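Data file: upload18.cif. Format and content: mmCIF, C-alpha atoms and all ligand atoms.
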```cif
data_input
#
loop_
_atom_site.label_atom_id
_atom_site.label_comp_id
_atom_site.auth_asym_id
_atom_site.auth_seq_id
_atom_site.Cartn_x
_atom_site.Cartn_y
_atom_site.Cartn_z
CA MET A 1266 98.25 67.66 39.32
CA SER A 1267 99.27 64.28 40.76
CA LYS A 1268 96.75 61.65 41.64
CA LEU A 1269 96.11 61.00 45.34
CA SER A 1270 98.14 57.76 45.32
CA THR A 1271 101.19 59.62 44.04
CA THR A 1272 100.66 62.59 46.36
CA LEU A 1273 100.52 60.27 49.38
CA ILE A 1274 103.73 58.54 48.38
CA HIS A 1275 105.61 61.75 47.66
CA HIS A 1276 104.15 63.69 50.60
CA PRO A 1277 106.94 65.99 51.86
CA TYR A 1278 108.95 64.86 54.83
CA THR A 1279 112.17 66.20 56.32
CA PRO A 1280 113.82 64.38 59.22
CA PRO A 1281 113.52 66.62 62.32
CA ALA A 1282 117.02 67.94 62.99
CA THR A 1283 116.12 69.60 66.29
CA PHE A 1284 114.19 66.78 67.91
CA ALA A 1285 115.97 65.41 70.99
CA ALA A 1286 114.78 62.49 73.14
CA PRO A 1287 116.32 59.75 75.31
CA GLN A 1288 116.16 57.09 72.61
CA PRO A 1289 117.78 57.59 69.19
CA GLY A 1290 115.49 57.82 66.19
CA VAL A 1291 114.64 54.62 64.35
CA PHE A 1292 115.35 54.59 60.62
CA LYS A 1293 113.92 51.75 58.58
CA ALA A 1294 115.14 51.28 55.05
CA SER A 1295 115.96 48.86 52.34
CA THR A 1296 116.19 51.66 49.75
CA VAL A 1297 118.36 54.65 50.56
CA PHE A 1298 118.11 57.70 48.26
CA PHE A 1299 121.11 59.29 46.53
CA ALA A 1300 121.11 63.00 45.69
CA ASP A 1301 122.25 62.43 42.10
CA VAL A 1302 123.81 59.86 39.80
CA ALA A 1303 127.31 61.00 40.69
CA ALA A 1304 126.62 60.31 44.39
CA MET A 1305 125.16 56.92 43.45
CA ARG A 1306 128.23 56.00 41.41
CA ALA A 1307 130.55 57.20 44.18
CA ARG A 1308 128.76 55.15 46.84
CA ASP A 1309 131.01 53.51 49.44
CA TRP A 1310 129.35 50.60 51.16
CA LYS A 1311 132.49 49.42 52.91
CA THR A 1312 132.73 52.23 55.45
CA LYS A 1313 130.34 54.30 57.52
CA ALA A 1314 131.10 57.36 55.34
CA GLY A 1315 127.55 57.28 53.97
CA TYR A 1316 124.45 55.20 53.46
CA THR A 1317 123.95 52.98 50.40
CA TYR A 1318 121.42 50.25 51.16
CA GLY A 1319 119.53 49.18 54.28
CA LEU A 1320 121.34 45.86 54.46
CA HIS A 1321 124.65 47.71 54.67
CA GLY A 1322 123.62 49.98 57.52
CA THR A 1323 121.29 52.78 58.63
CA PRO A 1324 121.77 55.50 61.27
CA THR A 1325 120.01 53.13 63.69
CA THR A 1326 122.23 50.09 63.10
CA PHE A 1327 125.37 52.26 63.04
CA THR A 1328 124.42 53.69 66.45
CA LEU A 1329 124.04 50.25 68.00
CA GLU A 1330 127.27 49.06 66.35
CA GLU A 1331 129.18 51.99 67.83
CA ARG A 1332 127.76 51.35 71.31
CA LEU A 1333 128.62 47.65 71.18
CA ALA A 1334 132.17 48.41 70.03
CA THR A 1335 132.43 50.69 73.06
CA LEU A 1336 131.00 48.00 75.36
CA GLU A 1337 133.70 45.52 74.35
CA GLY A 1338 136.57 47.98 74.00
CA GLY A 1339 136.84 47.54 70.22
CA THR A 1340 136.68 50.05 67.40
CA GLU A 1341 134.52 48.28 64.80
CA CYS A 1342 131.34 46.22 65.02
CA LEU A 1343 129.02 44.36 62.67
CA LEU A 1344 125.49 43.25 63.53
CA VAL A 1345 124.14 39.89 62.39
CA PRO A 1346 120.78 38.14 62.89
CA SER A 1347 121.91 35.83 65.74
CA GLY A 1348 124.85 34.87 67.91
CA LEU A 1349 125.37 31.78 65.79
CA ALA A 1350 125.39 33.94 62.64
CA ALA A 1351 128.23 35.94 64.25
CA ILE A 1352 130.23 32.72 64.65
CA THR A 1353 129.39 31.79 61.05
CA LEU A 1354 130.44 35.20 59.74
CA VAL A 1355 133.89 34.84 61.32
CA ALA A 1356 134.28 31.36 59.83
CA PHE A 1357 133.26 32.41 56.31
CA ALA A 1358 135.32 35.60 56.37
CA PHE A 1359 138.61 33.90 57.25
CA LEU A 1360 138.52 30.18 56.44
CA LYS A 1361 139.10 28.66 53.03
CA THR A 1362 139.64 25.17 51.62
CA GLY A 1363 142.62 23.48 53.27
CA ASP A 1364 142.48 25.62 56.43
CA GLU A 1365 141.92 24.22 59.92
CA VAL A 1366 140.01 25.82 62.80
CA LEU A 1367 140.57 24.83 66.43
CA ILE A 1368 137.58 24.85 68.77
CA PRO A 1369 137.54 24.11 72.51
CA ASP A 1370 135.67 20.89 73.26
CA ASN A 1371 133.59 22.78 75.84
CA ALA A 1372 132.60 25.49 73.33
CA TYR A 1373 129.05 26.53 72.49
CA GLY A 1374 127.80 23.33 70.78
CA PRO A 1375 126.51 24.82 67.50
CA ASN A 1376 130.02 26.23 66.81
CA LYS A 1377 131.22 22.61 66.62
CA ALA A 1378 128.16 21.62 64.56
CA LEU A 1379 128.95 24.41 62.06
CA ALA A 1380 132.41 22.92 61.61
CA THR A 1381 131.25 19.33 61.17
CA GLY A 1382 128.07 20.05 59.21
CA GLU A 1383 129.03 22.99 56.99
CA LEU A 1384 132.73 23.92 56.99
CA ALA A 1385 133.66 20.31 56.23
CA ASN A 1386 131.73 20.60 52.94
CA PHE A 1387 134.16 23.32 51.87
CA GLY A 1388 137.27 21.30 52.71
CA ILE A 1389 137.85 23.16 55.97
CA THR A 1390 138.84 20.85 58.81
CA HIS A 1391 138.53 21.38 62.55
CA ARG A 1392 140.10 19.94 65.69
CA LEU A 1393 138.81 20.08 69.23
CA TYR A 1394 141.21 21.03 72.03
CA ASP A 1395 141.09 21.01 75.81
CA ALA A 1396 140.64 24.66 76.81
CA MET A 1397 141.93 23.87 80.32
CA ASN A 1398 145.23 22.58 78.94
CA PRO A 1399 147.18 25.24 76.96
CA ALA A 1400 149.76 22.58 76.02
CA ASP A 1401 147.02 20.68 74.18
CA LEU A 1402 146.25 23.79 72.12
CA ALA A 1403 149.95 24.35 71.42
CA ALA A 1404 150.33 20.74 70.27
CA LYS A 1405 147.35 20.95 67.91
CA LEU A 1406 148.37 24.16 66.13
CA SER A 1407 149.75 23.41 62.67
CA HIS A 1408 150.70 25.28 59.51
CA ARG A 1409 147.07 24.80 58.44
CA THR A 1410 145.56 26.42 61.56
CA ARG A 1411 143.99 29.69 60.47
CA LEU A 1412 141.66 30.43 63.38
CA VAL A 1413 141.41 29.45 67.06
CA TRP A 1414 138.19 29.88 69.01
CA VAL A 1415 138.30 30.60 72.73
CA GLU A 1416 135.42 30.87 75.17
CA ALA A 1417 135.29 31.84 78.85
CA ALA A 1418 133.60 30.35 80.75
CA GLY A 1419 133.01 27.13 78.79
CA SER A 1420 129.45 26.61 77.61
CA VAL A 1421 127.32 24.56 80.04
CA THR A 1422 130.28 23.12 82.00
CA MET A 1423 131.57 26.56 83.05
CA GLU A 1424 135.31 25.78 83.27
CA PHE A 1425 137.28 29.03 83.13
CA PRO A 1426 140.38 28.71 80.91
CA ASP A 1427 143.65 30.63 81.19
CA LEU A 1428 142.58 32.94 78.38
CA PRO A 1429 145.75 35.08 78.26
CA ALA A 1430 147.86 31.90 78.02
CA LEU A 1431 145.76 30.49 75.15
CA VAL A 1432 145.91 33.79 73.28
CA ASP A 1433 149.68 34.14 73.83
CA ILE A 1434 150.26 30.71 72.29
CA CYS A 1435 148.28 31.69 69.20
CA ARG A 1436 149.92 35.09 68.85
CA ALA A 1437 153.39 33.55 69.09
CA ARG A 1438 152.45 31.34 66.12
CA GLY A 1439 150.75 34.14 64.20
CA VAL A 1440 147.29 32.55 64.41
CA MET A 1441 144.12 34.63 64.72
CA THR A 1442 141.97 34.23 67.85
CA ALA A 1443 138.21 34.71 68.09
CA LEU A 1444 136.46 34.81 71.46
CA ASP A 1445 132.84 33.87 72.07
CA ASN A 1446 132.31 36.65 74.62
CA THR A 1447 128.64 36.02 75.38
CA TRP A 1448 129.32 35.05 79.01
CA GLY A 1449 131.57 38.04 79.80
CA ALA A 1450 129.34 40.38 77.75
CA GLY A 1451 132.08 43.05 77.69
CA LEU A 1452 131.51 43.58 81.43
CA ALA A 1453 133.37 40.83 83.32
CA PHE A 1454 136.67 41.43 81.47
CA ALA A 1455 137.99 43.44 78.53
CA PRO A 1456 138.38 41.06 75.56
CA PHE A 1457 140.94 43.23 73.75
CA ASP A 1458 142.87 44.33 76.81
CA PHE A 1459 143.23 41.60 79.44
CA ASN A 1460 143.89 43.31 82.80
CA GLY A 1461 145.10 46.50 81.15
CA THR A 1462 147.99 44.70 79.41
CA GLY A 1463 146.94 45.81 75.94
CA GLN A 1464 146.84 42.11 74.99
CA GLY A 1465 143.67 40.33 73.98
CA VAL A 1466 141.86 38.48 71.25
CA ASP A 1467 141.64 39.58 67.62
CA ILE A 1468 137.86 39.18 67.31
CA SER A 1469 135.04 39.13 69.86
CA VAL A 1470 131.71 37.55 69.04
CA HIS A 1471 128.70 38.24 71.24
CA ALA A 1472 125.24 36.65 71.27
CA LEU A 1473 123.28 39.87 71.88
CA THR A 1474 120.33 37.52 72.33
CA LYS A 1475 121.49 37.08 75.94
CA TYR A 1476 122.38 40.04 78.22
CA PRO A 1477 122.32 42.93 75.71
CA SER A 1478 118.71 42.03 74.84
CA GLY A 1479 117.85 40.98 78.36
CA GLY A 1480 114.30 40.11 77.38
CA GLY A 1481 114.39 36.57 76.06
CA ASP A 1482 112.69 37.93 72.95
CA VAL A 1483 115.26 39.15 70.42
CA LEU A 1484 117.89 37.22 68.46
CA MET A 1485 121.00 39.13 67.33
CA GLY A 1486 124.77 38.86 67.28
CA SER A 1487 127.77 41.12 66.91
CA VAL A 1488 131.35 40.78 65.73
CA VAL A 1489 133.69 43.36 67.25
CA THR A 1490 137.33 44.00 66.34
CA ARG A 1491 139.85 46.72 66.84
CA ASP A 1492 141.75 45.85 63.70
CA GLU A 1493 140.64 47.76 60.62
CA ARG A 1494 142.00 45.07 58.28
CA LEU A 1495 140.05 42.27 59.97
CA HIS A 1496 136.95 44.44 60.05
CA ARG A 1497 137.17 45.10 56.29
CA ALA A 1498 137.30 41.36 55.59
CA LEU A 1499 134.35 40.74 57.89
CA LYS A 1500 132.37 43.59 56.34
CA LEU A 1501 132.85 42.22 52.81
CA THR A 1502 131.68 38.75 53.84
CA HIS A 1503 128.81 40.31 55.79
CA MET A 1504 127.60 42.08 52.65
CA ARG A 1505 128.11 39.15 50.32
CA MET A 1506 126.14 36.88 52.63
CA GLY A 1507 123.34 39.37 53.33
CA PHE A 1508 123.67 39.10 57.09
CA GLY A 1509 121.82 42.29 58.16
CA ALA A 1510 119.89 42.63 61.44
CA GLY A 1511 116.25 43.74 61.48
CA VAL A 1512 115.78 47.37 62.50
CA GLY A 1513 112.89 46.57 64.85
CA ASP A 1514 115.22 44.28 66.77
CA VAL A 1515 117.98 46.88 66.69
CA GLU A 1516 115.53 49.34 68.26
CA THR A 1517 114.81 46.85 71.05
CA LEU A 1518 118.53 46.40 71.68
CA LEU A 1519 119.08 50.17 71.84
CA ARG A 1520 116.31 50.27 74.45
CA SER A 1521 117.77 47.55 76.67
CA LEU A 1522 121.51 48.18 76.33
CA PRO A 1523 121.65 51.15 78.77
CA SER A 1524 120.65 48.88 81.67
CA ILE A 1525 122.97 45.96 80.84
CA ALA A 1526 125.52 46.65 83.60
CA LEU A 1527 122.83 46.82 86.30
CA ARG A 1528 121.11 43.68 85.04
CA TYR A 1529 124.36 41.74 84.67
CA ALA A 1530 125.39 42.56 88.24
CA ALA A 1531 121.96 41.56 89.56
CA HIS A 1532 121.98 38.23 87.66
CA ASP A 1533 125.52 37.62 88.95
CA ARG A 1534 124.69 38.38 92.60
CA ALA A 1535 121.66 36.08 92.64
CA ALA A 1536 123.47 33.28 90.77
CA ARG A 1537 126.37 33.36 93.21
CA GLU A 1538 124.03 33.23 96.17
CA LEU A 1539 122.13 30.23 94.77
CA ALA A 1540 125.30 28.46 93.62
CA GLY A 1541 126.78 28.88 97.08
CA TRP A 1542 123.63 27.55 98.68
CA LEU A 1543 123.47 24.50 96.35
CA ASN A 1544 127.15 23.86 97.13
CA GLY A 1545 126.02 23.01 100.66
CA CYS A 1546 123.21 20.64 99.56
CA GLU A 1547 124.02 16.96 99.96
CA GLU A 1548 122.19 16.06 96.70
CA ILE A 1549 124.82 18.01 94.73
CA ALA A 1550 128.23 16.50 93.94
CA GLN A 1551 129.75 19.60 92.30
CA VAL A 1552 128.71 23.16 91.62
CA LEU A 1553 130.29 24.59 88.46
CA HIS A 1554 130.54 28.36 88.82
CA PRO A 1555 133.87 30.05 88.09
CA ALA A 1556 133.60 32.38 91.10
CA LEU A 1557 133.35 29.41 93.50
CA GLU A 1558 136.73 28.35 94.83
CA ASP A 1559 136.54 24.65 94.02
CA SER A 1560 135.14 25.16 90.51
CA PRO A 1561 137.45 24.30 87.56
CA GLY A 1562 139.49 27.33 86.50
CA HIS A 1563 138.54 29.48 89.49
CA VAL A 1564 142.11 30.84 89.67
CA HIS A 1565 141.92 31.90 86.01
CA TRP A 1566 138.57 33.60 86.61
CA ARG A 1567 140.09 35.43 89.59
CA ALA A 1568 143.10 36.50 87.50
CA LEU A 1569 141.02 37.84 84.60
CA CYS A 1570 137.83 39.04 86.32
CA GLY A 1571 139.12 39.80 89.82
CA ALA A 1572 139.19 43.52 89.09
CA THR A 1573 135.49 43.63 88.14
CA ASP A 1574 134.50 40.71 90.38
CA LEU A 1575 131.80 39.85 87.83
CA ALA A 1576 130.69 36.38 86.73
CA ALA A 1577 127.31 36.43 84.86
CA GLY A 1578 124.16 34.67 86.03
CA LEU A 1579 124.89 31.14 84.86
CA PHE A 1580 126.01 28.05 86.70
CA SER A 1581 125.65 24.29 86.52
CA VAL A 1582 125.42 21.54 89.11
CA VAL A 1583 126.31 17.87 88.89
CA PHE A 1584 123.93 15.77 90.92
CA ASP A 1585 125.23 13.02 93.15
CA ALA A 1586 125.54 9.85 91.04
CA ARG A 1587 122.99 8.05 93.24
CA PHE A 1588 120.24 10.07 91.53
CA SER A 1589 118.95 8.57 88.28
CA THR A 1590 118.27 10.62 85.16
CA GLU A 1591 114.56 10.17 85.91
CA GLN A 1592 114.98 11.68 89.36
CA VAL A 1593 116.89 14.66 87.98
CA ASP A 1594 114.22 15.07 85.29
CA ARG A 1595 111.64 15.12 88.11
CA PHE A 1596 113.66 17.82 89.87
CA CYS A 1597 113.59 19.95 86.69
CA ASP A 1598 109.90 19.27 86.09
CA SER A 1599 109.08 20.22 89.70
CA LEU A 1600 110.58 23.70 89.44
CA LYS A 1601 107.95 26.40 89.15
CA LEU A 1602 109.85 29.68 88.80
CA PHE A 1603 112.73 28.18 86.82
CA ARG A 1604 111.26 27.38 83.40
CA LEU A 1605 112.56 24.74 80.98
CA GLY A 1606 114.06 26.53 78.00
CA TYR A 1607 117.24 27.31 76.07
CA SER A 1608 119.12 30.57 75.91
CA TRP A 1609 119.61 32.94 78.86
CA GLY A 1610 119.95 36.56 79.87
CA GLY A 1611 116.26 37.38 80.31
CA PRO A 1612 114.19 38.14 83.43
CA ILE A 1613 112.87 34.58 83.82
CA SER A 1614 115.12 31.94 85.39
CA LEU A 1615 115.73 28.90 83.19
CA VAL A 1616 116.91 25.33 83.69
CA VAL A 1617 118.20 22.69 81.25
CA PRO A 1618 119.45 19.15 82.00
CA TYR A 1619 122.38 18.02 79.83
CA ASP A 1620 124.05 14.71 79.06
CA ILE A 1621 127.68 15.87 78.96
CA GLY A 1622 128.86 12.42 77.80
CA LEU A 1623 127.09 13.04 74.46
CA MET A 1624 128.54 16.56 74.12
CA ARG A 1625 132.21 15.84 74.70
CA ASP A 1626 134.90 14.06 72.73
CA ALA A 1627 136.44 11.62 75.23
CA SER A 1628 139.75 11.70 73.34
CA VAL A 1629 140.20 15.41 74.15
CA ALA A 1630 139.70 15.29 77.92
CA ARG A 1631 137.91 12.98 80.29
CA TRP A 1632 134.73 14.41 81.85
CA PRO A 1633 135.35 13.62 85.52
CA TYR A 1634 131.79 13.48 86.90
CA LYS A 1635 129.27 10.65 86.91
CA GLY A 1636 126.01 12.36 87.83
CA THR A 1637 123.59 14.30 85.62
CA LEU A 1638 124.38 17.95 84.94
CA VAL A 1639 121.76 20.67 85.16
CA ARG A 1640 122.42 24.25 84.06
CA PHE A 1641 120.68 27.21 85.64
CA SER A 1642 120.31 30.65 84.15
CA VAL A 1643 119.29 32.94 86.98
CA GLY A 1644 116.79 35.64 86.04
CA LEU A 1645 115.74 38.73 87.94
CA GLU A 1646 113.19 37.21 90.35
CA ASP A 1647 113.66 37.62 94.10
CA VAL A 1648 116.50 35.32 95.16
CA ASP A 1649 114.65 34.01 98.24
CA ASP A 1650 111.79 32.87 96.03
CA LEU A 1651 114.24 31.14 93.68
CA ARG A 1652 115.95 29.35 96.58
CA ALA A 1653 112.59 28.16 97.90
CA ASP A 1654 111.75 26.87 94.41
CA LEU A 1655 115.01 24.88 94.25
CA GLN A 1656 114.39 23.56 97.78
CA GLN A 1657 110.89 22.24 97.04
CA ALA A 1658 112.08 20.62 93.78
CA LEU A 1659 114.98 18.90 95.57
CA ALA A 1660 112.48 17.55 98.09
CA ARG A 1661 110.32 16.09 95.28
CA MET A 1662 113.25 14.40 93.59
C1 LIG A 1701 123.33 31.63 72.86
C2 LIG A 1701 124.76 31.57 72.52
C3 LIG A 1701 125.20 31.71 71.20
C4 LIG A 1701 124.25 31.83 70.03
O1 LIG A 1701 123.36 32.87 70.12
P1 LIG A 1701 121.97 32.80 69.27
O2 LIG A 1701 121.59 34.23 69.16
O3 LIG A 1701 121.05 31.96 70.07
O4 LIG A 1701 122.31 32.20 67.94
C5 LIG A 1701 126.55 31.68 70.97
N1 LIG A 1701 127.42 31.49 71.96
C6 LIG A 1701 127.05 31.35 73.24
C7 LIG A 1701 128.07 31.15 74.30
C8 LIG A 1701 125.70 31.37 73.55
O5 LIG A 1701 125.33 31.19 74.83
#
```
Using the file provided, produce a representation of the structure as structure tokens.
Amino acid sequence: MSKLSTTLIHHPYTPPATFAAPQPGVFKASTVFFADVAAMRARDWKTKAGYTYGLHGTPTTFTLEERLATLEGGTECLLVPSGLAAITLVAFAFLKTGDEVLIPDNAYGPNKALATGELANFGITHRLYDAMNPADLAAKLSHRTRLVWVEAAGSVTMEFPDLPALVDICRARGVMTALDNTWGAGLAFAPFDFNGTGQGVDISVHALTKYPSGGGDVLMGSVVTRDERLHRALKLTHMRMGFGAGVGDVETLLRSLPSIALRYAAHDRAARELAGWLNGCEEIAQVLHPALEDSPGHVHWRALCGATDLAAGLFSVVFDARFSTEQVDRFCDSLKLFRLGYSWGGPISLVVPYDIGLMRDASVARWPYKGTLVRFSVGLEDVDDLRADLQQALARM
């Protein structure tokens, strides 16, 4: 007769095959059991044919991966612990010593920091290009270029590039493209099938931290492809680097993903209303929101996202140059509903002032504005309350 400690550990349990509920079951595991030694020896951790180890996938992570692949119109997906880890996974899977990666100068900043601070240590070089000038990308491609990043809209400055043109240039030269699709979220446009043409990027990276989570609480990223060969390479690197996502976080994502389209549309509607209103305020020199007609790249946004008419809940403003940094800081500090904080995609509206001069390489393209830039991430509060908050903060400036 076993001792109580053993009996408790080996207490019988069979997963309930007939239990049905709105949310999928949550399976937590590092260890996964094999039926016998032969099954253990025959394990296949490269595909979803079976389960081998928690880090390599559970029914719960596979379910979320399949849903995210569907969201973005891909066939394969890998989960990683953050959006930045998704960018890192792509870099480590495909770049080796002597290779060069091209990154838009208006890309998500830590992508550039990864190149300068880490990839450089492995003899991998990078060049920054002007995403709004396809000829600049074409001129910077070389026999060493292995990977080109694209992003739409640009991080913080919100320029919308001619994505199909950038991707065409790379495809003509046989260079792989990876999109940071956090802004579009798989909803504003189809990353693997621009406007139903069947053309698109090779890899789509998504910071699930933003709209898929929608709570401002979970960090996660995904890498989606529809190319089995690329996916295999990513999967191997993913396993070698131990990049699994925590199952508790995966559960949260499975809970919030069903409402992403409703939330995205609501964030978008409110952001457009506030951006349009700020466009008429004399304190503001320029509103940067791709759906506004005089915003950089508006025509490209219209061409790629016109069918969905979606544009996320983010926009930036450049204050009139007569306002000092201190005055713009006071504006940000005076906001009550908009909180100071990084990231976006949650229910609470956020604001961040940026010094674009420090973020851009002047040799790539000249930043044309003088005033301070402030980025807004519009949450899910009532839009009239948000407008009143902006109005009182402008008055205090
Ligand atoms: C937030 C963000 C990331 C990184 O996501 P984390 O989960 O915070 O690492 C990557 N790209 C873009 C465009 C982002 O906004």
Practice prompt. All residues within 7 Å of ligand LIG 1701 (chain A) are required, counting all atoms listed in the file; please report them as a ChimeraX atom specification.
Written response: /A:1347-1350,1373,1420,1445-1448,1471-1475,1484-1486,1608
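From atom CA of Cys1342 of chain A back to atom CA of Glu1330 of chain A, the distance works out to 5.1 Å.
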Fill in: Spatial neighbours of Phe1298 of chain A, max dist 12 Å, all atoms listed in the file, sep filter under 2 positions, as number ranges by chain
A: 1294-1296, 1300-1302, 1304-1305, 1308, 1315-1319, 1323
Discussion item. Between atom CA of Gly1322 of chain A and atom CA of Ala1307 of chain A, what distance in Å does the model show, to one decimal?
Written reply: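 Between atom CA of Gly1322 of chain A and atom CA of Ala1307 of chain A the gap is 16.7 Å.
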Practice prompt. Please return, as a list in words, all polymer residues that have at least one atom within 8 Å of the point (129.2, 39.5, 62.2); use only C-alpha atoms and the file's own coordinate frame.
Written response: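 Here the neighbourhood of the point contains Cys1342, Leu1343, Leu1344, Val1345, Ala1350, Ala1351, Ile1352, Thr1353, Leu1354, Val1355, Val1470, Gly1486, Ser1487, Val1488, Val1489, Leu1499, Lys1500, His1503 and Phe1508 of chain A.
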Output: segment 1281-1295 of chain A of the preceding structure, restricted to N, CA and C atoms, written as a CSV table (one decimal), in the first residue's frame.
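Result written to result29.csv:
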```csv
chain,number,residue,atom,x,y,z
A,1281,PRO,N,-11.3,15.3,-19.0
A,1281,PRO,CA,-12.7,15.0,-19.4
A,1281,PRO,C,-13.0,15.3,-20.9
A,1282,ALA,N,-13.2,14.2,-21.6
A,1282,ALA,CA,-13.4,14.3,-23.0
A,1282,ALA,C,-14.7,14.9,-23.4
A,1283,THR,N,-15.7,14.9,-22.6
A,1283,THR,CA,-17.0,15.3,-22.9
A,1283,THR,C,-17.4,16.7,-22.4
A,1284,PHE,N,-16.4,17.3,-21.7
A,1284,PHE,CA,-16.7,18.6,-21.1
A,1284,PHE,C,-16.6,19.7,-22.2
A,1285,ALA,N,-17.6,20.5,-22.4
A,1285,ALA,CA,-17.6,21.6,-23.4
A,1285,ALA,C,-18.0,22.9,-22.7
A,1286,ALA,N,-17.2,23.9,-23.0
A,1286,ALA,CA,-17.4,25.3,-22.4
A,1286,ALA,C,-16.9,26.3,-23.4
A,1287,PRO,N,-17.3,27.6,-23.2
A,1287,PRO,CA,-16.8,28.6,-24.1
A,1287,PRO,C,-15.3,28.7,-24.2
A,1288,GLN,N,-14.6,28.6,-23.1
A,1288,GLN,CA,-13.2,28.8,-23.2
A,1288,GLN,C,-12.5,27.4,-23.3
A,1289,PRO,N,-11.4,27.3,-24.1
A,1289,PRO,CA,-10.7,26.0,-24.2
A,1289,PRO,C,-10.0,25.7,-22.8
A,1290,GLY,N,-9.9,24.4,-22.6
A,1290,GLY,CA,-9.2,24.0,-21.3
A,1290,GLY,C,-7.8,24.5,-21.3
A,1291,VAL,N,-7.3,24.7,-20.1
A,1291,VAL,CA,-5.9,25.2,-19.9
A,1291,VAL,C,-5.0,24.1,-19.4
A,1292,PHE,N,-4.0,23.7,-20.2
A,1292,PHE,CA,-3.1,22.7,-19.8
A,1292,PHE,C,-1.7,23.3,-19.5
A,1293,LYS,N,-1.3,23.0,-18.2
A,1293,LYS,CA,0.0,23.5,-17.8
A,1293,LYS,C,1.0,22.3,-17.7
A,1294,ALA,N,2.1,22.5,-18.3
A,1294,ALA,CA,3.1,21.4,-18.3
A,1294,ALA,C,4.5,21.9,-18.6
A,1295,SER,N,5.4,21.4,-17.8
A,1295,SER,CA,6.8,21.3,-18.3
A,1295,SER,C,7.0,19.9,-18.8
```
